[in-house]
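Notes for the one structure printed next.
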Amino acid sequence: MASMIYKTLQLYLLLLLVVRSEAAAFVPSSAFQIQNLFRTVDLTKSYLRESASFIIENISEEPQNEYYVAVPSEIVGNATDSHLAIMEVKEKRVDPAVSLVVEVGPSNTDLGVQFYKVQLSKPLTAGETSTIQMATATIGALEAQPKLIKQPEAQNLLWTGSKLALSPYKVARQRTKVKLPDRGANAYSKAKNDPQVEDTTLTYGPYVDSEPFATETIQVRYEYHFPVVEITKLERELWVSHSGGNLATEERYWMTNSAAKLSEAFSRLRWQASGMAGERSTAIKGFLIRLRPGARDVYFTDEIGNVSTSNFRADIRDPVLDFRPRYPIFGGWNYSFTLGWNHDLGRSLRVLSSEDSGSDTYMLRVPLLEGPDNAAYDVAEVSIILPEGANVVDIFSTYGDFTKEESLLKSHLDTIGRTVVKLTLNNIVDEHRRNELYITYTYSSASSLHKPIIVSAAIAAIFFAWIILGRIDVSISK
């Protein structure tokens, strides 16, 4: 009996090793060849953005409907330590381009890459071509060099990458353009007649007949006179009130400036002098947030209380909140604050259907994210607090990489509690503001009367108790 168990364990371990070795050695079939790949590395923001446009050709004899994209494993990381914020792939066989479904595929530990499987809009027959457009955003790919600077010194960021696009297929011809901020690069990798320099761009290539997974490391060092805003946590709450016809939004931020740190003590005098001279700084001086039309009753507070250094331009079409923290936030400094505002609920809510029983179906449409420009988020928690008695039917977002959680919350004068839908998003950037969130739920007219009835009953009970107690004779008689 013991020997049988031992042999079974040996067989199980052998199968496990075979499966793991096959996963570690996975390489897509050479069914495609890439033509005319043009890649752009955008270094104008505080995080790395890359885009590529290229033509794929099916060089096999069979139709192909799956295409693989390779990403360095150190960028993907794991669920809790990933630096990849955006992975979008589109196909343009005819106008307009259509978004493709991207799934996490196997990894290859020997090559140090993580594969993503892309489903083409329709199978590509032998010899047929199609144009692919890909965009990624990576957090933490840029590092300050040096990491410590004096208060008036300029900050330099360093990008280390490859002048060849990482591809699991052979690339017939490719170029890489590095786009820089307005000051351009002060140091970069050079070769004979490579790159071509023009104002704020560096163009490497063209290169022909690049083998699969070929890379060639380059570095670009450039001045970046802006803060590197990293929001370590965002708690965003949207309160839906049918009785008040209001949608209240409150956002709580915990942020840090990941720019180069100060090598000496902060000087208020030097800071004021640099401000009067109009010098740029890596410190966070303030934020400009564009809110949706109709925003009102805006407030800005921090741990001390209300912050008066803010200005809200209540334009009907383009309301803007311009606010400044109590102090400049230099590299390595932290700050936390709260923003809030109201909207008319009718701008975001519509009735989908009405039942004879009095239960109506509603759809709420809100932005998944709002907030400052040029910012990266480690964790964002978006909570929708529905009216008491509402039941969630469906949740949909144009950005699907989130975890969902439902719970009950008892607020002022609630009895059964409000339904709360919380979405948790990891590693996102300000570009996710273009995504929207749709929540479908049912809510009856009886539920809307629940709280007024409870409050009226409570007031009536107190009133009658007061009358009864007033009629009781509590005097001491002889």
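Chain labels follow the order of the structure tokens: the first chain is A, the next B, and so on; residue numbering restarts at 1 in every chain, and ligands are counted from 1 in their shown order.
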Write out as a compact mmCIF listing (two decimals) with N, CA and C atoms, in the first residue's frame the residues lying within 12 Å of Val118 (chain A), counting only C-alpha atoms and excluding same-chain residues fewer than 2 positions away.
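And here's result_22.txt as it stands now:
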```txt
# COMPACT_ATOMS: atom_id res chain seq x y z
N PRO A 28 5.30 31.09 -29.11
CA PRO A 28 4.26 31.02 -30.15
C PRO A 28 4.83 30.47 -31.45
N GLN A 64 -5.21 31.78 -39.31
CA GLN A 64 -4.80 32.07 -37.94
C GLN A 64 -5.74 33.11 -37.33
N ASN A 65 -6.20 32.84 -36.11
CA ASN A 65 -7.07 33.81 -35.44
C ASN A 65 -6.52 34.27 -34.09
N GLU A 66 -5.31 33.84 -33.74
CA GLU A 66 -4.68 34.24 -32.48
C GLU A 66 -3.30 34.81 -32.76
N TYR A 67 -3.05 35.94 -32.12
CA TYR A 67 -1.76 36.61 -32.27
C TYR A 67 -1.21 36.87 -30.86
N TYR A 68 0.08 36.71 -30.66
CA TYR A 68 0.66 36.86 -29.33
C TYR A 68 1.52 38.12 -29.25
N VAL A 69 1.40 38.79 -28.09
CA VAL A 69 2.21 39.96 -27.77
C VAL A 69 3.11 39.60 -26.60
N ALA A 70 4.38 39.99 -26.67
CA ALA A 70 5.34 39.69 -25.60
C ALA A 70 5.67 40.95 -24.82
N MET A 87 -2.87 48.01 -21.60
CA MET A 87 -2.53 47.09 -22.70
C MET A 87 -3.74 47.07 -23.63
N GLU A 88 -3.63 47.81 -24.73
CA GLU A 88 -4.73 47.91 -25.68
C GLU A 88 -4.23 47.51 -27.06
N VAL A 89 -5.01 46.70 -27.75
CA VAL A 89 -4.67 46.26 -29.10
C VAL A 89 -5.89 46.47 -30.00
N LYS A 90 -5.66 47.10 -31.14
CA LYS A 90 -6.72 47.31 -32.12
C LYS A 90 -6.28 46.76 -33.47
N GLU A 91 -7.28 46.40 -34.27
CA GLU A 91 -7.03 45.90 -35.62
C GLU A 91 -7.72 46.79 -36.62
N SER A 99 -11.34 47.36 -31.42
CA SER A 99 -10.59 46.86 -30.27
C SER A 99 -10.67 45.34 -30.23
N LEU A 100 -9.57 44.72 -29.90
CA LEU A 100 -9.48 43.26 -29.85
C LEU A 100 -9.45 42.78 -28.40
N VAL A 101 -9.90 41.55 -28.20
CA VAL A 101 -9.89 40.95 -26.88
C VAL A 101 -8.47 40.49 -26.56
N VAL A 102 -7.97 40.94 -25.40
CA VAL A 102 -6.61 40.60 -24.98
C VAL A 102 -6.71 39.79 -23.70
N GLU A 103 -6.08 38.61 -23.69
CA GLU A 103 -6.08 37.73 -22.53
C GLU A 103 -4.64 37.46 -22.09
N VAL A 104 -4.47 37.28 -20.80
CA VAL A 104 -3.15 36.92 -20.28
C VAL A 104 -2.83 35.50 -20.71
N GLY A 105 -1.71 35.31 -21.35
CA GLY A 105 -1.30 34.00 -21.82
C GLY A 105 -0.21 33.41 -20.95
N PHE A 115 3.44 36.49 -22.13
CA PHE A 115 2.70 36.57 -23.38
C PHE A 115 1.25 36.98 -23.11
N TYR A 116 0.71 37.76 -24.05
CA TYR A 116 -0.71 38.10 -24.06
C TYR A 116 -1.30 37.60 -25.37
N LEU A 120 -7.96 37.90 -33.03
CA LEU A 120 -8.21 38.74 -34.20
C LEU A 120 -9.70 38.82 -34.49
N SER A 121 -10.11 39.88 -35.19
CA SER A 121 -11.53 40.08 -35.47
C SER A 121 -12.10 38.95 -36.32
N LYS A 122 -11.29 38.40 -37.20
CA LYS A 122 -11.66 37.21 -37.98
C LYS A 122 -10.37 36.53 -38.41
N PRO A 123 -10.42 35.23 -38.70
CA PRO A 123 -9.19 34.51 -39.05
C PRO A 123 -8.48 35.14 -40.24
N ILE A 132 -2.13 46.19 -37.19
CA ILE A 132 -2.34 46.13 -35.74
C ILE A 132 -1.84 47.43 -35.12
N GLN A 133 -2.62 47.97 -34.19
CA GLN A 133 -2.22 49.15 -33.41
C GLN A 133 -2.23 48.77 -31.93
N MET A 134 -1.10 49.00 -31.27
CA MET A 134 -0.96 48.58 -29.87
C MET A 134 -0.50 49.76 -29.03
```
Once DSSP has gone over the backbone, tell me which residues of region 205-447 of chain A are in alpha helix (DSSP H), as a ChimeraX atom specification.
-> /A:268-276,445-447
Could you please take those selected residues and save C-alpha atoms as a PDB file, in the first residue's frame?
```pdb
ATOM      1  CA  ARG A 268      11.128  78.851   2.184  1.00  0.00           C
ATOM      2  CA  LEU A 269      13.041  81.953   1.077  1.00  0.00           C
ATOM      3  CA  ARG A 270      14.545  80.205  -1.918  1.00  0.00           C
ATOM      4  CA  TRP A 271      11.134  78.754  -2.803  1.00  0.00           C
ATOM      5  CA  GLN A 272       9.490  82.175  -2.823  1.00  0.00           C
ATOM      6  CA  ALA A 273      12.339  83.618  -4.894  1.00  0.00           C
ATOM      7  CA  SER A 274      12.053  80.860  -7.493  1.00  0.00           C
ATOM      8  CA  GLY A 275       8.304  81.430  -7.699  1.00  0.00           C
ATOM      9  CA  MET A 276       8.749  85.143  -8.317  1.00  0.00           C
ATOM     10  CA  SER A 445     -41.591  53.795  -5.199  1.00  0.00           C
ATOM     11  CA  ALA A 446     -42.386  51.972  -1.943  1.00  0.00           C
ATOM     12  CA  SER A 447     -38.682  51.943  -1.103  1.00  0.00           C
TER      13      SER A 447
END
```
Pairwise distance for CA of Ser189 (chain A) and CA of Gln155 (chain A), rounded to one decimal in Å |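 Going from CA of Ser189 (chain A) over to CA of Gln155 (chain A), I get 19.4 Å.
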Would you kindly return, as an NGL selection string, each protein, DNA or RNA residue with an atom no farther than 12 Å from any atom of region 405-422 of chain A, considering only C-alpha atoms and excluding same-chain residues fewer than 2 positions away?
-> :A and (235-241 or 368 or 380-396 or 402-403 or 424-425 or 437-443 or 447-448 or 450-456 or 458)
Take the selection from the previous step and output its residues with N, CA and C atoms, as a short mmCIF file (atom, residue, chain, number, x, y, z; two decimals), in the first residue's frame.
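Result went into again.cif, see below:
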```
data_model
loop_
_atom_site.label_atom_id
_atom_site.label_comp_id
_atom_site.auth_asym_id
_atom_site.auth_seq_id
_atom_site.Cartn_x
_atom_site.Cartn_y
_atom_site.Cartn_z
N GLU A 235 -9.83 56.72 -2.68
CA GLU A 235 -11.16 56.23 -2.31
C GLU A 235 -12.19 57.17 -2.91
N ARG A 236 -12.89 56.69 -3.90
CA ARG A 236 -13.88 57.50 -4.63
C ARG A 236 -15.27 56.96 -4.34
N GLU A 237 -16.14 57.82 -3.81
CA GLU A 237 -17.50 57.43 -3.44
C GLU A 237 -18.51 58.28 -4.18
N LEU A 238 -19.54 57.62 -4.72
CA LEU A 238 -20.64 58.31 -5.38
C LEU A 238 -21.94 57.90 -4.70
N TRP A 239 -22.61 58.88 -4.07
CA TRP A 239 -23.84 58.64 -3.32
C TRP A 239 -25.03 59.03 -4.19
N VAL A 240 -25.92 58.06 -4.40
CA VAL A 240 -27.10 58.27 -5.24
C VAL A 240 -28.30 58.54 -4.34
N SER A 241 -28.97 59.67 -4.55
CA SER A 241 -30.15 60.03 -3.77
C SER A 241 -31.32 60.32 -4.71
N LEU A 368 -15.59 56.39 -14.57
CA LEU A 368 -14.91 55.47 -13.68
C LEU A 368 -13.90 56.19 -12.82
N ALA A 380 -7.06 52.18 -6.61
CA ALA A 380 -8.24 53.05 -6.64
C ALA A 380 -9.46 52.22 -6.27
N GLU A 381 -10.19 52.67 -5.26
CA GLU A 381 -11.42 52.01 -4.84
C GLU A 381 -12.59 52.91 -5.18
N VAL A 382 -13.44 52.45 -6.10
CA VAL A 382 -14.60 53.22 -6.56
C VAL A 382 -15.85 52.57 -5.98
N SER A 383 -16.57 53.31 -5.14
CA SER A 383 -17.77 52.79 -4.47
C SER A 383 -18.99 53.56 -4.93
N ILE A 384 -20.03 52.84 -5.32
CA ILE A 384 -21.32 53.42 -5.68
C ILE A 384 -22.29 53.06 -4.57
N ILE A 385 -22.80 54.07 -3.87
CA ILE A 385 -23.74 53.84 -2.76
C ILE A 385 -25.15 54.13 -3.28
N LEU A 386 -25.94 53.09 -3.47
CA LEU A 386 -27.29 53.21 -4.02
C LEU A 386 -28.29 53.53 -2.93
N PRO A 387 -29.50 53.98 -3.29
CA PRO A 387 -30.51 54.28 -2.28
C PRO A 387 -30.91 53.03 -1.50
N GLU A 388 -31.42 53.22 -0.31
CA GLU A 388 -31.86 52.10 0.51
C GLU A 388 -33.02 51.38 -0.18
N GLY A 389 -32.88 50.07 -0.33
CA GLY A 389 -33.91 49.28 -0.99
C GLY A 389 -33.62 48.97 -2.44
N ALA A 390 -32.54 49.54 -3.00
CA ALA A 390 -32.18 49.28 -4.39
C ALA A 390 -31.48 47.93 -4.51
N ASN A 391 -31.70 47.24 -5.62
CA ASN A 391 -31.09 45.94 -5.89
C ASN A 391 -30.31 46.00 -7.20
N VAL A 392 -29.06 45.58 -7.17
CA VAL A 392 -28.19 45.64 -8.35
C VAL A 392 -28.58 44.53 -9.32
N VAL A 393 -28.71 44.90 -10.60
CA VAL A 393 -29.00 43.94 -11.66
C VAL A 393 -27.75 43.60 -12.45
N ASP A 394 -26.98 44.63 -12.83
CA ASP A 394 -25.81 44.39 -13.66
C ASP A 394 -24.82 45.54 -13.49
N ILE A 395 -23.54 45.22 -13.69
CA ILE A 395 -22.46 46.21 -13.63
C ILE A 395 -21.60 46.03 -14.87
N PHE A 396 -21.32 47.13 -15.55
CA PHE A 396 -20.49 47.07 -16.75
C PHE A 396 -19.59 48.30 -16.79
N PHE A 402 -10.96 44.82 -13.02
CA PHE A 402 -11.22 45.23 -11.64
C PHE A 402 -11.84 44.07 -10.88
N THR A 403 -11.79 44.18 -9.56
CA THR A 403 -12.49 43.23 -8.69
C THR A 403 -13.71 43.91 -8.11
N THR A 424 -12.37 47.65 -7.17
CA THR A 424 -10.97 47.90 -6.82
C THR A 424 -10.13 47.77 -8.08
N LEU A 425 -9.38 48.82 -8.39
CA LEU A 425 -8.54 48.85 -9.58
C LEU A 425 -7.10 49.06 -9.15
N LEU A 437 -18.55 53.87 -16.17
CA LEU A 437 -19.12 52.79 -15.38
C LEU A 437 -20.64 52.84 -15.49
N TYR A 438 -21.25 51.68 -15.78
CA TYR A 438 -22.70 51.58 -15.91
C TYR A 438 -23.22 50.60 -14.85
N ILE A 439 -24.18 51.05 -14.07
CA ILE A 439 -24.81 50.19 -13.07
C ILE A 439 -26.32 50.18 -13.30
N THR A 440 -26.86 48.99 -13.50
CA THR A 440 -28.31 48.82 -13.65
C THR A 440 -28.87 48.27 -12.36
N TYR A 441 -29.93 48.90 -11.86
CA TYR A 441 -30.53 48.46 -10.60
C TYR A 441 -32.02 48.72 -10.60
N THR A 442 -32.72 48.02 -9.72
CA THR A 442 -34.15 48.22 -9.54
C THR A 442 -34.41 48.99 -8.25
N TYR A 443 -35.45 49.81 -8.29
CA TYR A 443 -35.80 50.64 -7.13
C TYR A 443 -37.29 50.95 -7.22
N SER A 447 -39.97 51.78 -1.78
CA SER A 447 -38.68 51.94 -1.10
C SER A 447 -38.36 53.40 -0.88
N SER A 448 -38.76 54.26 -1.82
CA SER A 448 -38.50 55.68 -1.65
C SER A 448 -39.30 56.28 -0.50
N HIS A 450 -39.94 54.49 2.24
CA HIS A 450 -39.58 53.74 3.44
C HIS A 450 -39.03 54.66 4.53
N LYS A 451 -38.05 55.48 4.17
CA LYS A 451 -37.42 56.34 5.18
C LYS A 451 -38.38 57.40 5.71
N PRO A 452 -39.17 58.12 4.88
CA PRO A 452 -40.12 59.09 5.44
C PRO A 452 -41.15 58.45 6.38
N ILE A 453 -41.59 57.21 6.03
CA ILE A 453 -42.55 56.54 6.91
C ILE A 453 -41.91 56.20 8.25
N ILE A 454 -40.68 55.67 8.22
CA ILE A 454 -39.98 55.33 9.46
C ILE A 454 -39.76 56.57 10.31
N VAL A 455 -39.33 57.66 9.68
CA VAL A 455 -39.08 58.90 10.43
C VAL A 455 -40.38 59.44 11.00
N SER A 456 -41.46 59.43 10.20
CA SER A 456 -42.76 59.91 10.70
C SER A 456 -43.27 59.07 11.85
N ALA A 458 -41.43 57.32 13.91
CA ALA A 458 -40.60 57.58 15.09
C ALA A 458 -41.01 58.88 15.77
#
```
Extract, using only C-alpha atoms, all DNA, RNA and protein residues at most 10 Å from Arg183 (chain A), discarding same-chain residues fewer than 6 positions from it, and format them as an MDAnalysis selection string.
-> chainID A and resid 199:200 222:225
Would you kindly return, as a PyMOL selection string, each protein, DNA or RNA residue with an atom no farther than 6 Å from any atom of Leu339 (chain A), considering only C-alpha atoms and excluding same-chain residues fewer than 5 positions away?
-> chain A and resi 250-251+299-300
Residue selection dump (N, CA, C and O atoms) as an mmCIF file, in the first residue's frame:
```cif
data_model
loop_
_atom_site.group_PDB
_atom_site.id
_atom_site.type_symbol
_atom_site.label_atom_id
_atom_site.label_comp_id
_atom_site.auth_asym_id
_atom_site.auth_seq_id
_atom_site.Cartn_x
_atom_site.Cartn_y
_atom_site.Cartn_z
ATOM 1 N N GLU A 250 -17.399 62.162 -3.551
ATOM 2 C CA GLU A 250 -16.314 62.507 -2.627
ATOM 3 C C GLU A 250 -15.120 61.624 -2.941
ATOM 4 O O GLU A 250 -15.250 60.400 -3.097
ATOM 5 N N GLU A 251 -13.947 62.236 -3.037
ATOM 6 C CA GLU A 251 -12.715 61.520 -3.352
ATOM 7 C C GLU A 251 -11.664 61.823 -2.292
ATOM 8 O O GLU A 251 -11.390 62.996 -1.992
ATOM 9 N N TYR A 299 -15.876 71.347 -2.563
ATOM 10 C CA TYR A 299 -15.086 71.617 -1.358
ATOM 11 C C TYR A 299 -13.763 70.873 -1.426
ATOM 12 O O TYR A 299 -13.619 69.863 -2.106
ATOM 13 N N PHE A 300 -12.756 71.398 -0.702
ATOM 14 C CA PHE A 300 -11.402 70.876 -0.688
ATOM 15 C C PHE A 300 -10.891 70.945 0.746
ATOM 16 O O PHE A 300 -10.735 72.029 1.304
#
```
Between CA of Leu234 (chain A) and CA of Asp302 (chain A), measure the distance and give it in Å to one decimal.
-> 13.9 Å
Near Phe266 (chain A), within 12 Å and counting only C-alpha atoms, which residues show up once chain neighbours fewer than 3 positions away are dropped, as a PyMOL selection string?
-> chain A and resi 149-152+261-263+269-272+283+327-331+333
Please save N, CA, C and O atoms of the selected residues as a PDB file, in the first residue's frame.
```pdb
ATOM      1  N   ILE A 149      18.797  65.895  -5.373  1.00  0.00           N
ATOM      2  CA  ILE A 149      19.173  67.160  -6.002  1.00  0.00           C
ATOM      3  C   ILE A 149      18.963  68.296  -5.009  1.00  0.00           C
ATOM      4  O   ILE A 149      18.229  68.152  -4.023  1.00  0.00           O
ATOM      5  N   LYS A 150      19.619  69.421  -5.288  1.00  0.00           N
ATOM      6  CA  LYS A 150      19.387  70.608  -4.482  1.00  0.00           C
ATOM      7  C   LYS A 150      18.085  71.266  -4.923  1.00  0.00           C
ATOM      8  O   LYS A 150      17.585  71.011  -6.010  1.00  0.00           O
ATOM      9  N   GLN A 151      17.566  72.126  -4.072  1.00  0.00           N
ATOM     10  CA  GLN A 151      16.238  72.704  -4.316  1.00  0.00           C
ATOM     11  C   GLN A 151      16.127  73.413  -5.670  1.00  0.00           C
ATOM     12  O   GLN A 151      15.138  73.224  -6.372  1.00  0.00           O
ATOM     13  N   PRO A 152      17.102  74.214  -6.098  1.00  0.00           N
ATOM     14  CA  PRO A 152      16.930  74.902  -7.382  1.00  0.00           C
ATOM     15  C   PRO A 152      17.403  74.097  -8.587  1.00  0.00           C
ATOM     16  O   PRO A 152      17.270  74.560  -9.718  1.00  0.00           O
ATOM     17  N   LYS A 261      14.541  63.506  -4.714  1.00  0.00           N
ATOM     18  CA  LYS A 261      14.402  64.076  -3.374  1.00  0.00           C
ATOM     19  C   LYS A 261      15.402  65.208  -3.171  1.00  0.00           C
ATOM     20  O   LYS A 261      16.415  65.303  -3.870  1.00  0.00           O
ATOM     21  N   LEU A 262      15.104  66.049  -2.184  1.00  0.00           N
ATOM     22  CA  LEU A 262      16.008  67.153  -1.847  1.00  0.00           C
ATOM     23  C   LEU A 262      17.210  66.616  -1.081  1.00  0.00           C
ATOM     24  O   LEU A 262      17.070  65.807  -0.168  1.00  0.00           O
ATOM     25  N   SER A 263      18.385  67.095  -1.439  1.00  0.00           N
ATOM     26  CA  SER A 263      19.605  66.680  -0.748  1.00  0.00           C
ATOM     27  C   SER A 263      19.929  67.575   0.438  1.00  0.00           C
ATOM     28  O   SER A 263      20.888  67.313   1.169  1.00  0.00           O
ATOM     29  N   LEU A 269      12.611  80.747   1.775  1.00  0.00           N
ATOM     30  CA  LEU A 269      13.041  81.953   1.077  1.00  0.00           C
ATOM     31  C   LEU A 269      13.408  81.645  -0.368  1.00  0.00           C
ATOM     32  O   LEU A 269      13.007  82.351  -1.299  1.00  0.00           O
ATOM     33  N   ARG A 270      14.161  80.574  -0.562  1.00  0.00           N
ATOM     34  CA  ARG A 270      14.545  80.205  -1.918  1.00  0.00           C
ATOM     35  C   ARG A 270      13.325  79.801  -2.745  1.00  0.00           C
ATOM     36  O   ARG A 270      13.254  80.061  -3.946  1.00  0.00           O
ATOM     37  N   TRP A 271      12.359  79.151  -2.109  1.00  0.00           N
ATOM     38  CA  TRP A 271      11.134  78.754  -2.803  1.00  0.00           C
ATOM     39  C   TRP A 271      10.354  79.971  -3.282  1.00  0.00           C
ATOM     40  O   TRP A 271       9.885  80.015  -4.429  1.00  0.00           O
ATOM     41  N   GLN A 272      10.216  80.974  -2.423  1.00  0.00           N
ATOM     42  CA  GLN A 272       9.490  82.175  -2.823  1.00  0.00           C
ATOM     43  C   GLN A 272      10.232  82.921  -3.931  1.00  0.00           C
ATOM     44  O   GLN A 272       9.612  83.449  -4.858  1.00  0.00           O
ATOM     45  N   ALA A 283       8.414  70.247  -7.549  1.00  0.00           N
ATOM     46  CA  ALA A 283       7.449  70.190  -6.445  1.00  0.00           C
ATOM     47  C   ALA A 283       6.030  70.290  -6.981  1.00  0.00           C
ATOM     48  O   ALA A 283       5.765  70.937  -7.998  1.00  0.00           O
ATOM     49  N   TYR A 327       1.337  73.478   1.321  1.00  0.00           N
ATOM     50  CA  TYR A 327       2.787  73.623   1.174  1.00  0.00           C
ATOM     51  C   TYR A 327       3.217  72.907  -0.103  1.00  0.00           C
ATOM     52  O   TYR A 327       2.526  71.987  -0.572  1.00  0.00           O
ATOM     53  N   PRO A 328       4.328  73.288  -0.709  1.00  0.00           N
ATOM     54  CA  PRO A 328       4.808  72.573  -1.895  1.00  0.00           C
ATOM     55  C   PRO A 328       5.237  71.162  -1.523  1.00  0.00           C
ATOM     56  O   PRO A 328       5.834  70.932  -0.470  1.00  0.00           O
ATOM     57  N   ILE A 329       4.948  70.197  -2.404  1.00  0.00           N
ATOM     58  CA  ILE A 329       5.244  68.789  -2.134  1.00  0.00           C
ATOM     59  C   ILE A 329       6.430  68.384  -2.999  1.00  0.00           C
ATOM     60  O   ILE A 329       6.297  68.146  -4.198  1.00  0.00           O
ATOM     61  N   PHE A 330       7.612  68.327  -2.379  1.00  0.00           N
ATOM     62  CA  PHE A 330       8.828  67.956  -3.105  1.00  0.00           C
ATOM     63  C   PHE A 330       8.956  66.436  -3.179  1.00  0.00           C
ATOM     64  O   PHE A 330       8.140  65.692  -2.621  1.00  0.00           O
ATOM     65  N   GLY A 331      10.003  65.992  -3.882  1.00  0.00           N
ATOM     66  CA  GLY A 331      10.229  64.564  -4.055  1.00  0.00           C
ATOM     67  C   GLY A 331      10.335  63.831  -2.730  1.00  0.00           C
ATOM     68  O   GLY A 331      11.077  64.249  -1.833  1.00  0.00           O
ATOM     69  N   TRP A 333       7.949  63.634  -0.556  1.00  0.00           N
ATOM     70  CA  TRP A 333       6.990  64.175   0.406  1.00  0.00           C
ATOM     71  C   TRP A 333       5.606  63.598   0.110  1.00  0.00           C
ATOM     72  O   TRP A 333       5.274  63.271  -1.038  1.00  0.00           O
TER      73      TRP A 333
END
```
Rounded to one decimal in Å, what is the spacing between CA of Leu164 (chain A) and CA of Pro195 (chain A)?
->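 Between CA of Leu164 (chain A) and CA of Pro195 (chain A) the gap works out to 12.6 Å.
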For Arg296 (chain A), find every residue with an atom within 10 Å (counting only C-alpha atoms), except residues of its own chain fewer than 4 positions away, and show them as a tab-separated table (two decimals) with N, CA, C and O atoms, in the first residue's frame.
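Saved file selection-v1.tsv follows:
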```
chain	number	residue	atom	x	y	z
A	248	ALA	N	-23.85	62.82	-5.18
A	248	ALA	CA	-22.75	63.42	-4.43
A	248	ALA	C	-21.48	62.60	-4.63
A	248	ALA	O	-21.49	61.37	-4.48
A	291	LEU	N	-14.02	69.00	-14.10
A	291	LEU	CA	-15.16	68.20	-13.66
A	291	LEU	C	-16.21	68.14	-14.76
A	291	LEU	O	-16.17	68.91	-15.73
A	292	ARG	N	-17.16	67.24	-14.58
A	292	ARG	CA	-18.24	67.13	-15.57
A	292	ARG	C	-19.14	68.35	-15.50
A	292	ARG	O	-19.27	68.99	-14.45
A	312	PHE	N	-12.76	77.60	-7.81
A	312	PHE	CA	-13.65	76.80	-8.64
A	312	PHE	C	-14.33	77.69	-9.66
A	312	PHE	O	-15.06	78.62	-9.31
A	313	ARG	N	-14.06	77.42	-10.92
A	313	ARG	CA	-14.69	78.17	-12.01
A	313	ARG	C	-15.91	77.38	-12.48
A	313	ARG	O	-15.78	76.40	-13.21
A	314	ALA	N	-17.06	77.84	-12.04
A	314	ALA	CA	-18.30	77.09	-12.27
A	314	ALA	C	-18.87	77.37	-13.65
A	314	ALA	O	-20.00	77.84	-13.80
A	315	ASP	N	-18.10	77.06	-14.67
A	315	ASP	CA	-18.58	77.18	-16.03
A	315	ASP	C	-19.58	76.07	-16.31
A	315	ASP	O	-19.39	74.93	-15.91
A	316	ILE	N	-20.66	76.40	-17.01
A	316	ILE	CA	-21.73	75.42	-17.24
A	316	ILE	C	-21.21	74.23	-18.05
A	316	ILE	O	-21.53	73.07	-17.78
A	319	PRO	N	-16.61	73.09	-16.05
A	319	PRO	CA	-16.21	73.53	-14.70
A	319	PRO	C	-14.80	73.04	-14.37
A	319	PRO	O	-14.45	71.89	-14.67
A	340	GLY	N	-14.77	67.07	-2.93
A	340	GLY	CA	-16.17	66.68	-3.03
A	340	GLY	C	-16.97	67.67	-3.84
A	340	GLY	O	-16.63	68.86	-3.91
A	341	TRP	N	-18.03	67.20	-4.47
A	341	TRP	CA	-18.92	68.06	-5.23
A	341	TRP	C	-20.23	67.34	-5.47
A	341	TRP	O	-20.36	66.14	-5.21
A	342	ASN	N	-21.23	68.06	-5.96
A	342	ASN	CA	-22.56	67.51	-6.24
A	342	ASN	C	-22.90	67.68	-7.72
A	342	ASN	O	-22.40	68.58	-8.39
A	343	HIS	N	-23.79	66.80	-8.19
A	343	HIS	CA	-24.35	66.87	-9.53
A	343	HIS	C	-25.86	66.61	-9.44
A	343	HIS	O	-26.31	65.90	-8.54
A	344	ASP	N	-26.60	67.15	-10.38
A	344	ASP	CA	-28.00	66.76	-10.51
A	344	ASP	C	-28.06	65.31	-10.97
A	344	ASP	O	-27.40	64.94	-11.96
```
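In this comparison, which uses only C-alpha atoms, the residue of A:Ser281, A:Thr40, A:Asn186, A:Ser73 approaching Pro106 (chain A) most closely is A:Ser73.
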